[in-house]
Amino acid sequence: MRDLTIPTVWAPAASRVDLVLEDGREAMTPVGEGWWRAGRLAPGTRYRFSLDGGMPLPDPRSLAQFDGPHQASVVVDPAIFEDRVEFSRDLRGAVLYELHIGTFTPEGTLDAAAAHLEHLVRLGVAAVELMPVADFPGVQGWGYDGVGQYAVHHAYGGPAALARFVDECHRLGLGVVLDVVHNHLGPEGNYLAQFGPYFTDVHHTPWGEAVNLDQAGSRQVRDFLLGACRQWLVDFRIDGLRLDAVHELRDDSSPHYLAELSQAVRGWEQETGRRFTLFAESDENQPSMVSPVGSVPGAKGMDGQWADDVHHALHAFFTRESSGYYVDFGSATVLEHALTRVFVHEGGWSTFRERDWGAPVDPDSPLYDGHSFVACLQNHDQVGNRAVGDRTSHLVGVRDGMGLDLQAAAASLYLLSAFTPLIFMGEEWAASTPFPFFSDLGPELGPLVTDGRRREFERMGWEVAVPDPQASATRESAVLRWDEVDREPHARMLAWYRALLMLRHEHPELHDGSLRSVTVEVVDEDAVLMRRGRFTVAASRCEGEVQFPLGAEPLLVWGRFTRQGENSILSGPGAVVWG
């Protein structure tokens, strides 16, 4: 790892760079190619950089911003990376658990979250997936407006707390995946452009100018991002990365940034003897995303990608929502296609996008399998980007308290699928708490976010009061209530998830990644049968009776179940597992 006690910075256009300390400043030494270096500093020292006599700025590669992203950087003691817990695991096909540090516990810290890891072990998950911890403005937020690519958010406990958290996960046999955002930086506290050509107006994203991956100076920008990835994986010993919205990494050069990252990670595996896993969030529905670099044109070499179409198919079928990007989803036939072929939009027409979209997934391809695709019923986006952050179990429009039954049915399909399953925190006990969007921006940007959020859902026709993202009560409403885990009906849902995950863990058919091993039969418009080896899963959204041609004694049942000879009947929504 780089020497954390010797500040260095890339500022290619500056004629002078000063190191600004609490008791004065000193000139830094140019060392070539736009880099500047200072003398060694003691751990705990606060420092900033001044370019050509300008205002002091935080270090772009600082690991600690204990006073927030606008203030001085802090030298981190390298000792936090010593004497670590050994761990290595391929996370493809493993059950992931996405959590947000700020709302996983009332304290909202990494140390507090670590105290609940035993719950995840008992649940049966294999790895924790952390929403972004890179430093962002304010105290609480989702983390996707981060501005410190190397710094661990101060309110979560800083870098030493992250190292402790990772070690505790590894001690318990849990892997760790970290969500990183390389496609943009947040609007507040973003000083990168003052140091060099980190952004370019040749490409644009929904957040403005794109990160510079292919224009003049892009080599150092790419190295900046690669260095952050190496820090998380090699230094912090995190086991994988989830790369946010990679379709907004605008890069016309060769190799593409993702392909270069993939190759770099394979090298770090050789160096460390550990296995690292890269998951991409991609809107493009292209199998080349998870094809090894060089195997097909445009291959990006990711180990897995989020399969939004699987989520949409599950959500729209069981909730019957059909607006927005759910417009092409909702039928049992579409659900069957998603569970066996991943992408619903695989080259044909996408009504929401008003164009042809995607490419087909070949179930016989040796380049990828079902484990290459991350499937979920809930995640931070699909819950939090709803107007009030409501979960599957308590959606508006789900009648007569059937939300729990519909969630249980959907969970049986995706948790026993050929995909890499991802559970969103609290889902496993049908948490009563919502997960609305919240932020903690300053007085200039905060009101704009509040107004923009309200206007967005007015345009979408939501007739609900949208929580103010800037209000502390909005964040507080999202904090999980751990006291409800052992109470009904939450305890029943938790037992259901544990039973499903135990089956997946214990039986090879259920953790096989072969898409060819999955067959799905549409029983009628309200129910499907999924078969994997000797196991069969029946899932129904029907308010009445559905008859299945299976007479054997089931392993698991959720709902009102009866047997009549060689047939089984579900009365109302629910699920049955035979094996």
# chains A, B, ... in the order shown; residues from 1 in each chain; ligands from 1

$ residues_around --residues "Thr536 of chain A" --least-positions-apart "2" --cutoff "9 Å" --atoms "only C-alpha atoms" --output "list of chain:residue names"
A:Leu529, A:Met530, A:Arg531, A:Arg532, A:Gly533, A:Arg534, A:Ala538, A:Val576, A:Val577, A:Trp578, A:Gly579

$ write_last_selection --atoms "N, CA, C and O atoms" --output "mmCIF file, in the first residue's frame"
data_model
loop_
_atom_site.group_PDB
_atom_site.id
_atom_site.type_symbol
_atom_site.label_atom_id
_atom_site.label_comp_id
_atom_site.auth_asym_id
_atom_site.auth_seq_id
_atom_site.Cartn_x
_atom_site.Cartn_y
_atom_site.Cartn_z
ATOM 1 N N LEU A 529 -45.034 -22.885 -11.372
ATOM 2 C CA LEU A 529 -44.249 -23.946 -10.755
ATOM 3 C C LEU A 529 -42.817 -23.826 -11.242
ATOM 4 O O LEU A 529 -42.572 -23.802 -12.459
ATOM 5 N N MET A 530 -41.854 -23.744 -10.343
ATOM 6 C CA MET A 530 -40.435 -23.735 -10.706
ATOM 7 C C MET A 530 -39.815 -25.041 -10.242
ATOM 8 O O MET A 530 -39.956 -25.428 -9.069
ATOM 9 N N ARG A 531 -39.098 -25.720 -11.145
ATOM 10 C CA ARG A 531 -38.465 -26.991 -10.815
ATOM 11 C C ARG A 531 -36.957 -26.881 -10.933
ATOM 12 O O ARG A 531 -36.437 -26.324 -11.913
ATOM 13 N N ARG A 532 -36.268 -27.438 -9.923
ATOM 14 C CA ARG A 532 -34.809 -27.511 -9.920
ATOM 15 C C ARG A 532 -34.413 -28.864 -9.356
ATOM 16 O O ARG A 532 -34.506 -29.084 -8.150
ATOM 17 N N GLY A 533 -34.004 -29.780 -10.250
ATOM 18 C CA GLY A 533 -33.699 -31.127 -9.803
ATOM 19 C C GLY A 533 -34.931 -31.768 -9.199
ATOM 20 O O GLY A 533 -36.015 -31.750 -9.787
ATOM 21 N N ARG A 534 -34.799 -32.332 -8.006
ATOM 22 C CA ARG A 534 -35.948 -32.987 -7.372
ATOM 23 C C ARG A 534 -36.842 -32.006 -6.625
ATOM 24 O O ARG A 534 -37.865 -32.408 -6.042
ATOM 25 N N ALA A 538 -44.021 -24.058 -5.855
ATOM 26 C CA ALA A 538 -45.271 -23.478 -6.346
ATOM 27 C C ALA A 538 -45.441 -22.114 -5.701
ATOM 28 O O ALA A 538 -45.305 -21.975 -4.483
ATOM 29 N N VAL A 576 -45.436 -23.219 -1.839
ATOM 30 C CA VAL A 576 -45.191 -24.565 -1.339
ATOM 31 C C VAL A 576 -43.905 -25.067 -1.976
ATOM 32 O O VAL A 576 -43.659 -24.842 -3.166
ATOM 33 N N VAL A 577 -43.080 -25.753 -1.180
ATOM 34 C CA VAL A 577 -41.837 -26.341 -1.691
ATOM 35 C C VAL A 577 -41.880 -27.839 -1.447
ATOM 36 O O VAL A 577 -42.098 -28.291 -0.313
ATOM 37 N N TRP A 578 -41.682 -28.610 -2.545
ATOM 38 C CA TRP A 578 -41.563 -30.063 -2.442
ATOM 39 C C TRP A 578 -40.135 -30.472 -2.778
ATOM 40 O O TRP A 578 -39.446 -29.799 -3.541
ATOM 41 N N GLY A 579 -39.671 -31.571 -2.234
ATOM 42 C CA GLY A 579 -38.357 -32.063 -2.577
ATOM 43 C C GLY A 579 -38.092 -33.453 -2.008
ATOM 44 O O GLY A 579 -38.836 -33.952 -1.174
#

$ closest_atom_pairs --of "segment 375-492 of chain A" --to "segment 568-573 of chain A" --cutoff "9 Å" --atoms "only C-alpha atoms" --output "tab-separated table"
residue	atom	partner	partner_atom	distance
A:Met402	CA	A:Pro573	CA	7.3
A:Asp405	CA	A:Pro573	CA	5.6
A:Leu406	CA	A:Pro573	CA	6.0
A:Ala408	CA	A:Pro573	CA	8.9
A:Ala409	CA	A:Pro573	CA	7.2

$ closest_residue --among "A:Leu335, A:Ala259, A:Leu51, A:Leu422" --to "Val128 of chain A" --atoms "only C-alpha atoms"
A:Leu422

$ closest_atom_pairs --of "segment 442-531 of chain A" --to "segment 101-114 of chain A" --cutoff "9 Å" --atoms "only C-alpha atoms" --output "Markdown table"
| residue | atom | partner | partner_atom | distance |
| --- | --- | --- | --- | --- |
| A:Arg475 | CA | A:Thr103 | CA | 7.3 |
| A:Glu476 | CA | A:Thr103 | CA | 7.6 |
| A:Ser477 | CA | A:Thr103 | CA | 8.9 |
| A:Ala478 | CA | A:Thr103 | CA | 6.0 |
| A:Val479 | CA | A:Thr103 | CA | 4.3 |
| A:Leu480 | CA | A:Phe104 | CA | 5.7 |
| A:Arg481 | CA | A:Thr105 | CA | 8.0 |
| A:Trp482 | CA | A:Thr105 | CA | 8.1 |

$ closest_atom_pairs --of "segment 224-320 of chain A" --to "segment 338-346 of chain A" --cutoff "8 Å" --atoms "only C-alpha atoms" --output "JSON lines"
{"residue": "A:Asn285", "atom": "CA", "partner": "A:Phe343", "partner_atom": "CA", "distance": 6.5}
{"residue": "A:Ala307", "atom": "CA", "partner": "A:Val342", "partner_atom": "CA", "distance": 6.8}
{"residue": "A:Asp309", "atom": "CA", "partner": "A:Phe343", "partner_atom": "CA", "distance": 5.7}
{"residue": "A:Val310", "atom": "CA", "partner": "A:Ala338", "partner_atom": "CA", "distance": 5.3}
{"residue": "A:Ala313", "atom": "CA", "partner": "A:Ala338", "partner_atom": "CA", "distance": 6.6}

$ write_last_selection --atoms "all heavy atoms" --output "PDB file, in the first residue's frame"
ATOM      1  N   ASN A 285     -28.635  -4.554 -20.104  1.00  0.00           N
ATOM      2  CA  ASN A 285     -29.066  -5.918 -20.444  1.00  0.00           C
ATOM      3  C   ASN A 285     -28.161  -6.561 -21.488  1.00  0.00           C
ATOM      4  O   ASN A 285     -28.623  -7.102 -22.501  1.00  0.00           O
ATOM      5  CB  ASN A 285     -30.519  -5.921 -20.943  1.00  0.00           C
ATOM      6  CG  ASN A 285     -31.532  -5.840 -19.820  1.00  0.00           C
ATOM      7  OD1 ASN A 285     -31.217  -5.392 -18.716  1.00  0.00           O
ATOM      8  ND2 ASN A 285     -32.752  -6.261 -20.086  1.00  0.00           N
ATOM      9  N   ALA A 307     -29.674  -8.014 -11.938  1.00  0.00           N
ATOM     10  CA  ALA A 307     -30.663  -8.388 -12.948  1.00  0.00           C
ATOM     11  C   ALA A 307     -31.977  -7.681 -12.633  1.00  0.00           C
ATOM     12  O   ALA A 307     -32.877  -8.256 -11.999  1.00  0.00           O
ATOM     13  CB  ALA A 307     -30.842  -9.902 -12.972  1.00  0.00           C
ATOM     14  N   ASP A 309     -34.431  -6.986 -14.514  1.00  0.00           N
ATOM     15  CA  ASP A 309     -35.623  -7.589 -15.110  1.00  0.00           C
ATOM     16  C   ASP A 309     -36.205  -8.680 -14.218  1.00  0.00           C
ATOM     17  O   ASP A 309     -37.422  -8.890 -14.196  1.00  0.00           O
ATOM     18  CB  ASP A 309     -35.297  -8.163 -16.490  1.00  0.00           C
ATOM     19  CG  ASP A 309     -35.211  -7.095 -17.564  1.00  0.00           C
ATOM     20  OD1 ASP A 309     -35.138  -5.898 -17.200  1.00  0.00           O
ATOM     21  OD2 ASP A 309     -35.195  -7.440 -18.762  1.00  0.00           O
ATOM     22  N   VAL A 310     -35.360  -9.399 -13.495  1.00  0.00           N
ATOM     23  CA  VAL A 310     -35.869 -10.414 -12.574  1.00  0.00           C
ATOM     24  C   VAL A 310     -36.640  -9.738 -11.445  1.00  0.00           C
ATOM     25  O   VAL A 310     -37.741 -10.169 -11.079  1.00  0.00           O
ATOM     26  CB  VAL A 310     -34.728 -11.282 -12.019  1.00  0.00           C
ATOM     27  CG1 VAL A 310     -35.263 -12.276 -10.988  1.00  0.00           C
ATOM     28  CG2 VAL A 310     -34.017 -12.027 -13.142  1.00  0.00           C
ATOM     29  N   ALA A 313     -39.953  -8.458 -12.844  1.00  0.00           N
ATOM     30  CA  ALA A 313     -40.902  -9.535 -13.108  1.00  0.00           C
ATOM     31  C   ALA A 313     -41.545 -10.029 -11.812  1.00  0.00           C
ATOM     32  O   ALA A 313     -42.763 -10.269 -11.752  1.00  0.00           O
ATOM     33  CB  ALA A 313     -40.201 -10.682 -13.828  1.00  0.00           C
TER      34      ALA A 313
END

$ decode --residues "segment 455-485 of chain A" --atoms "N, CA, C and O atoms" --output "JSON list (two decimals), in the first residue's frame"
[["chain", "number", "residue", "atom", "x", "y", "z"],
["A", 455, "ARG", "N", -41.73, 17.27, -6.72],
["A", 455, "ARG", "CA", -42.19, 17.48, -8.10],
["A", 455, "ARG", "C", -42.11, 16.19, -8.93],
["A", 455, "ARG", "O", -42.97, 15.91, -9.77],
["A", 456, "GLU", "N", -41.06, 15.41, -8.69],
["A", 456, "GLU", "CA", -40.88, 14.15, -9.44],
["A", 456, "GLU", "C", -42.07, 13.24, -9.25],
["A", 456, "GLU", "O", -42.60, 12.68, -10.22],
["A", 457, "PHE", "N", -42.53, 13.07, -8.01],
["A", 457, "PHE", "CA", -43.62, 12.14, -7.77],
["A", 457, "PHE", "C", -44.97, 12.75, -8.12],
["A", 457, "PHE", "O", -45.92, 12.01, -8.43],
["A", 458, "GLU", "N", -45.08, 14.06, -8.12],
["A", 458, "GLU", "CA", -46.30, 14.69, -8.63],
["A", 458, "GLU", "C", -46.47, 14.38, -10.11],
["A", 458, "GLU", "O", -47.57, 14.07, -10.59],
["A", 459, "ARG", "N", -45.35, 14.45, -10.87],
["A", 459, "ARG", "CA", -45.41, 14.15, -12.31],
["A", 459, "ARG", "C", -45.78, 12.69, -12.54],
["A", 459, "ARG", "O", -46.41, 12.34, -13.53],
["A", 460, "MET", "N", -45.36, 11.81, -11.62],
["A", 460, "MET", "CA", -45.64, 10.39, -11.76],
["A", 460, "MET", "C", -47.04, 10.01, -11.27],
["A", 460, "MET", "O", -47.45, 8.85, -11.39],
["A", 461, "GLY", "N", -47.75, 10.98, -10.70],
["A", 461, "GLY", "CA", -49.12, 10.73, -10.29],
["A", 461, "GLY", "C", -49.28, 10.10, -8.92],
["A", 461, "GLY", "O", -50.36, 9.59, -8.60],
["A", 462, "TRP", "N", -48.24, 10.15, -8.08],
["A", 462, "TRP", "CA", -48.35, 9.59, -6.74],
["A", 462, "TRP", "C", -49.17, 10.55, -5.87],
["A", 462, "TRP", "O", -48.80, 11.71, -5.68],
["A", 463, "GLU", "N", -50.26, 10.06, -5.32],
["A", 463, "GLU", "CA", -51.13, 10.90, -4.48],
["A", 463, "GLU", "C", -50.84, 10.63, -3.01],
["A", 463, "GLU", "O", -51.69, 10.21, -2.23],
["A", 464, "VAL", "N", -49.59, 10.86, -2.63],
["A", 464, "VAL", "CA", -49.17, 10.67, -1.25],
["A", 464, "VAL", "C", -48.27, 11.83, -0.85],
["A", 464, "VAL", "O", -47.72, 12.52, -1.71],
["A", 465, "ALA", "N", -48.15, 12.03, 0.44],
["A", 465, "ALA", "CA", -47.24, 13.05, 0.95],
["A", 465, "ALA", "C", -45.83, 12.49, 0.94],
["A", 465, "ALA", "O", -45.52, 11.54, 1.67],
["A", 466, "VAL", "N", -44.98, 13.04, 0.11],
["A", 466, "VAL", "CA", -43.61, 12.54, -0.02],
["A", 466, "VAL", "C", -42.78, 13.06, 1.16],
["A", 466, "VAL", "O", -42.74, 14.26, 1.42],
["A", 467, "PRO", "N", -42.12, 12.18, 1.90],
["A", 467, "PRO", "CA", -41.31, 12.63, 3.04],
["A", 467, "PRO", "C", -40.21, 13.59, 2.57],
["A", 467, "PRO", "O", -39.61, 13.40, 1.51],
["A", 468, "ASP", "N", -39.94, 14.60, 3.37],
["A", 468, "ASP", "CA", -38.87, 15.55, 3.07],
["A", 468, "ASP", "C", -37.52, 14.85, 3.27],
["A", 468, "ASP", "O", -37.19, 14.45, 4.38],
["A", 469, "PRO", "N", -36.73, 14.69, 2.20],
["A", 469, "PRO", "CA", -35.45, 13.98, 2.34],
["A", 469, "PRO", "C", -34.52, 14.63, 3.35],
["A", 469, "PRO", "O", -33.68, 13.95, 3.95],
["A", 470, "GLN", "N", -34.65, 15.94, 3.55],
["A", 470, "GLN", "CA", -33.75, 16.66, 4.43],
["A", 470, "GLN", "C", -34.17, 16.63, 5.90],
["A", 470, "GLN", "O", -33.40, 17.04, 6.77],
["A", 471, "ALA", "N", -35.38, 16.15, 6.18],
["A", 471, "ALA", "CA", -35.86, 16.12, 7.56],
["A", 471, "ALA", "C", -35.24, 14.96, 8.31],
["A", 471, "ALA", "O", -35.17, 13.83, 7.80],
["A", 472, "SER", "N", -34.79, 15.21, 9.53],
["A", 472, "SER", "CA", -34.19, 14.14, 10.32],
["A", 472, "SER", "C", -35.17, 13.01, 10.58],
["A", 472, "SER", "O", -34.79, 11.84, 10.69],
["A", 473, "ALA", "N", -36.47, 13.34, 10.63],
["A", 473, "ALA", "CA", -37.48, 12.32, 10.88],
["A", 473, "ALA", "C", -37.56, 11.31, 9.75],
["A", 473, "ALA", "O", -37.94, 10.15, 9.97],
["A", 474, "THR", "N", -37.18, 11.72, 8.54],
["A", 474, "THR", "CA", -37.24, 10.80, 7.40],
["A", 474, "THR", "C", -36.19, 9.71, 7.57],
["A", 474, "THR", "O", -36.46, 8.52, 7.38],
["A", 475, "ARG", "N", -34.98, 10.11, 7.93],
["A", 475, "ARG", "CA", -33.95, 9.11, 8.21],
["A", 475, "ARG", "C", -34.35, 8.24, 9.39],
["A", 475, "ARG", "O", -34.21, 7.01, 9.36],
["A", 476, "GLU", "N", -34.87, 8.86, 10.44],
["A", 476, "GLU", "CA", -35.22, 8.10, 11.65],
["A", 476, "GLU", "C", -36.30, 7.07, 11.37],
["A", 476, "GLU", "O", -36.31, 5.99, 11.97],
["A", 477, "SER", "N", -37.20, 7.38, 10.43],
["A", 477, "SER", "CA", -38.27, 6.43, 10.12],
["A", 477, "SER", "C", -37.73, 5.17, 9.48],
["A", 477, "SER", "O", -38.39, 4.12, 9.51],
["A", 478, "ALA", "N", -36.53, 5.23, 8.89],
["A", 478, "ALA", "CA", -35.95, 4.10, 8.18],
["A", 478, "ALA", "C", -35.13, 3.18, 9.09],
["A", 478, "ALA", "O", -34.73, 2.09, 8.66],
["A", 479, "VAL", "N", -34.86, 3.59, 10.31],
["A", 479, "VAL", "CA", -34.03, 2.79, 11.21],
["A", 479, "VAL", "C", -34.75, 1.49, 11.56],
["A", 479, "VAL", "O", -35.90, 1.50, 12.02],
["A", 480, "LEU", "N", -34.08, 0.36, 11.35],
["A", 480, "LEU", "CA", -34.69, -0.92, 11.64],
["A", 480, "LEU", "C", -35.05, -1.04, 13.12],
["A", 480, "LEU", "O", -34.31, -0.59, 13.99],
["A", 481, "ARG", "N", -36.17, -1.68, 13.37],
["A", 481, "ARG", "CA", -36.63, -1.91, 14.75],
["A", 481, "ARG", "C", -36.30, -3.36, 15.11],
["A", 481, "ARG", "O", -37.06, -4.28, 14.81],
["A", 482, "TRP", "N", -35.19, -3.55, 15.76],
["A", 482, "TRP", "CA", -34.74, -4.89, 16.09],
["A", 482, "TRP", "C", -35.62, -5.56, 17.14],
["A", 482, "TRP", "O", -35.61, -6.79, 17.28],
["A", 483, "ASP", "N", -36.43, -4.77, 17.86],
["A", 483, "ASP", "CA", -37.30, -5.35, 18.87],
["A", 483, "ASP", "C", -38.46, -6.13, 18.27],
["A", 483, "ASP", "O", -39.12, -6.91, 18.96],
["A", 484, "GLU", "N", -38.73, -5.94, 16.97],
["A", 484, "GLU", "CA", -39.86, -6.63, 16.36],
["A", 484, "GLU", "C", -39.49, -7.99, 15.75],
["A", 484, "GLU", "O", -40.35, -8.74, 15.31],
["A", 485, "VAL", "N", -38.19, -8.31, 15.70],
["A", 485, "VAL", "CA", -37.74, -9.53, 15.03],
["A", 485, "VAL", "C", -38.39, -10.77, 15.61],
["A", 485, "VAL", "O", -38.76, -11.70, 14.87]]
